[in-house]
Amino acid sequence: MARPALRRRTRSLVALLFAASCQLPTALPLPGEPLRLSRVAGGGDAARRASLRIVLSGLDADAAGRSAEASSLYQRSLQVDPTNPYAWLAMARQEVFEGDPDRGLTHLDKAEALLGSDEGAAAHLAGIRGAGLRAVGQGALAAPFLREASERAPGLWADGKLDASELR
């Protein structure tokens, strides 16, 4: 009699583990690999996932040259989840390269505070900071940040710029 009950519990446990595994991000960044937002979009709670989907739409709009739409989407993503570091990072990238570098650096500070010691984001944090400092006339301060970004992610930062499609 104990065997059927054990089988039912085992099947239930297997089904539960399978269901739980379906909610995990499918492609976590590998150690040392630069951050791609599409790879972290499946993680976090419902608000974070919804906010990240909006950020990805913003990056698509940004890559297509629709800057105003992208900016609006980044703002909307922060209404859904104000603590989403990736939204702050995307806004920082857009402002530094296409808008107001001072505002971009402020957004970058927020992203950095929320990301903590995320190794995957380190190249982007350094590169965006270096590009922002260069854009506001602080070339001497910018150089070490740009060098760090290029060393951490040479395929993305060799040109000193991070396109929306590269962050996506």
# chains A, B, ... in the order shown; residues from 1 in each chain; ligands from 1
$ residues_around --residues "Gln94 of chain A" --least-positions-apart "3" --cutoff "8 Å" --atoms "only C-alpha atoms" --output "MDAnalysis selection string"
chainID A and resid 62 71 90:91 97:99 104 164
$ residues_around --residues "segment 124-130 of chain A" --least-positions-apart "2" --cutoff "9 Å" --atoms "only C-alpha atoms" --output "ChimeraX atom specification"
/A:34-35,89,92-93,96-97,104-105,108-109,111-112,120-122,132-135,138-139,141-150,153,157,160-162,167
$ select_by_dssp --residues "segment 31-166 of chain A" --states "alpha helix (DSSP H)" --output "MDAnalysis selection string"
chainID A and resid 37:40 46:63 67:80 85:98 101:115 119:135 139:152 154:157 164:166
$ atom_distance --atom1 "atom CA of His107 of chain A" --atom2 "atom CA of Glu95 of chain A"
8.6 Å
$ atom_distance --atom1 "atom CA of Arg76 of chain A" --atom2 "atom CA of Asp118 of chain A"
23.9 Å
$ decode --residues "segment 33-105 of chain A" --atoms "C-alpha atoms" --output "PDB file, in the first residue's frame"
ATOM      1  CA  GLU A  33      30.228  37.558 -20.431  1.00  0.00           C
ATOM      2  CA  PRO A  34      28.929  41.112 -20.932  1.00  0.00           C
ATOM      3  CA  LEU A  35      25.356  41.783 -19.925  1.00  0.00           C
ATOM      4  CA  ARG A  36      22.604  41.367 -22.525  1.00  0.00           C
ATOM      5  CA  LEU A  37      19.203  42.360 -21.191  1.00  0.00           C
ATOM      6  CA  SER A  38      17.389  39.733 -23.241  1.00  0.00           C
ATOM      7  CA  ARG A  39      19.257  37.099 -21.213  1.00  0.00           C
ATOM      8  CA  VAL A  40      18.032  38.354 -17.826  1.00  0.00           C
ATOM      9  CA  ALA A  41      14.474  39.211 -18.919  1.00  0.00           C
ATOM     10  CA  GLY A  42      12.993  36.004 -17.493  1.00  0.00           C
ATOM     11  CA  GLY A  43      14.236  36.585 -13.952  1.00  0.00           C
ATOM     12  CA  GLY A  44      12.782  38.357 -10.951  1.00  0.00           C
ATOM     13  CA  ASP A  45       9.233  38.829  -9.791  1.00  0.00           C
ATOM     14  CA  ALA A  46       6.270  39.647 -12.048  1.00  0.00           C
ATOM     15  CA  ALA A  47       6.867  43.408 -11.881  1.00  0.00           C
ATOM     16  CA  ARG A  48      10.545  43.021 -12.800  1.00  0.00           C
ATOM     17  CA  ARG A  49       9.734  40.730 -15.725  1.00  0.00           C
ATOM     18  CA  ALA A  50       7.053  43.131 -17.002  1.00  0.00           C
ATOM     19  CA  SER A  51       9.402  46.085 -16.607  1.00  0.00           C
ATOM     20  CA  LEU A  52      12.172  44.243 -18.471  1.00  0.00           C
ATOM     21  CA  ARG A  53       9.826  43.441 -21.364  1.00  0.00           C
ATOM     22  CA  ILE A  54       9.112  47.170 -21.664  1.00  0.00           C
ATOM     23  CA  VAL A  55      12.846  47.965 -21.555  1.00  0.00           C
ATOM     24  CA  LEU A  56      13.460  45.456 -24.367  1.00  0.00           C
ATOM     25  CA  SER A  57      10.735  47.157 -26.441  1.00  0.00           C
ATOM     26  CA  GLY A  58      12.459  50.454 -25.704  1.00  0.00           C
ATOM     27  CA  LEU A  59      15.787  49.084 -26.900  1.00  0.00           C
ATOM     28  CA  ASP A  60      14.103  47.882 -30.094  1.00  0.00           C
ATOM     29  CA  ALA A  61      12.640  51.362 -30.662  1.00  0.00           C
ATOM     30  CA  ASP A  62      16.027  52.894 -29.846  1.00  0.00           C
ATOM     31  CA  ALA A  63      17.816  50.643 -32.338  1.00  0.00           C
ATOM     32  CA  ALA A  64      15.255  51.614 -34.993  1.00  0.00           C
ATOM     33  CA  GLY A  65      15.992  55.314 -34.436  1.00  0.00           C
ATOM     34  CA  ARG A  66      12.764  56.087 -32.550  1.00  0.00           C
ATOM     35  CA  SER A  67      14.441  57.819 -29.596  1.00  0.00           C
ATOM     36  CA  ALA A  68      11.344  59.560 -28.204  1.00  0.00           C
ATOM     37  CA  GLU A  69       9.392  56.289 -28.164  1.00  0.00           C
ATOM     38  CA  ALA A  70      12.330  54.510 -26.521  1.00  0.00           C
ATOM     39  CA  SER A  71      12.616  57.159 -23.835  1.00  0.00           C
ATOM     40  CA  SER A  72       8.888  56.905 -23.140  1.00  0.00           C
ATOM     41  CA  LEU A  73       9.136  53.118 -22.827  1.00  0.00           C
ATOM     42  CA  TYR A  74      12.093  53.362 -20.423  1.00  0.00           C
ATOM     43  CA  GLN A  75      10.078  55.783 -18.264  1.00  0.00           C
ATOM     44  CA  ARG A  76       7.083  53.445 -18.343  1.00  0.00           C
ATOM     45  CA  SER A  77       9.268  50.514 -17.290  1.00  0.00           C
ATOM     46  CA  LEU A  78      10.280  52.484 -14.207  1.00  0.00           C
ATOM     47  CA  GLN A  79       6.629  53.128 -13.362  1.00  0.00           C
ATOM     48  CA  VAL A  80       6.182  49.344 -13.293  1.00  0.00           C
ATOM     49  CA  ASP A  81       9.388  48.716 -11.296  1.00  0.00           C
ATOM     50  CA  PRO A  82      11.302  51.783 -10.056  1.00  0.00           C
ATOM     51  CA  THR A  83      14.110  49.548  -8.775  1.00  0.00           C
ATOM     52  CA  ASN A  84      14.847  47.964 -12.155  1.00  0.00           C
ATOM     53  CA  PRO A  85      18.575  48.637 -12.639  1.00  0.00           C
ATOM     54  CA  TYR A  86      18.369  47.613 -16.302  1.00  0.00           C
ATOM     55  CA  ALA A  87      15.856  50.354 -17.056  1.00  0.00           C
ATOM     56  CA  TRP A  88      18.179  52.901 -15.464  1.00  0.00           C
ATOM     57  CA  LEU A  89      21.081  51.431 -17.466  1.00  0.00           C
ATOM     58  CA  ALA A  90      19.171  51.656 -20.760  1.00  0.00           C
ATOM     59  CA  MET A  91      18.170  55.251 -20.002  1.00  0.00           C
ATOM     60  CA  ALA A  92      21.758  56.114 -19.103  1.00  0.00           C
ATOM     61  CA  ARG A  93      22.992  54.635 -22.387  1.00  0.00           C
ATOM     62  CA  GLN A  94      20.445  56.590 -24.388  1.00  0.00           C
ATOM     63  CA  GLU A  95      21.116  59.906 -22.644  1.00  0.00           C
ATOM     64  CA  VAL A  96      24.900  59.619 -22.779  1.00  0.00           C
ATOM     65  CA  PHE A  97      25.013  58.760 -26.480  1.00  0.00           C
ATOM     66  CA  GLU A  98      21.965  60.582 -27.820  1.00  0.00           C
ATOM     67  CA  GLY A  99      20.732  63.135 -25.315  1.00  0.00           C
ATOM     68  CA  ASP A 100      21.974  64.812 -22.162  1.00  0.00           C
ATOM     69  CA  PRO A 101      25.204  63.187 -20.904  1.00  0.00           C
ATOM     70  CA  ASP A 102      24.899  64.792 -17.456  1.00  0.00           C
ATOM     71  CA  ARG A 103      21.448  63.274 -16.998  1.00  0.00           C
ATOM     72  CA  GLY A 104      22.811  60.006 -18.384  1.00  0.00           C
ATOM     73  CA  LEU A 105      25.515  59.936 -15.720  1.00  0.00           C
TER      74      LEU A 105
END
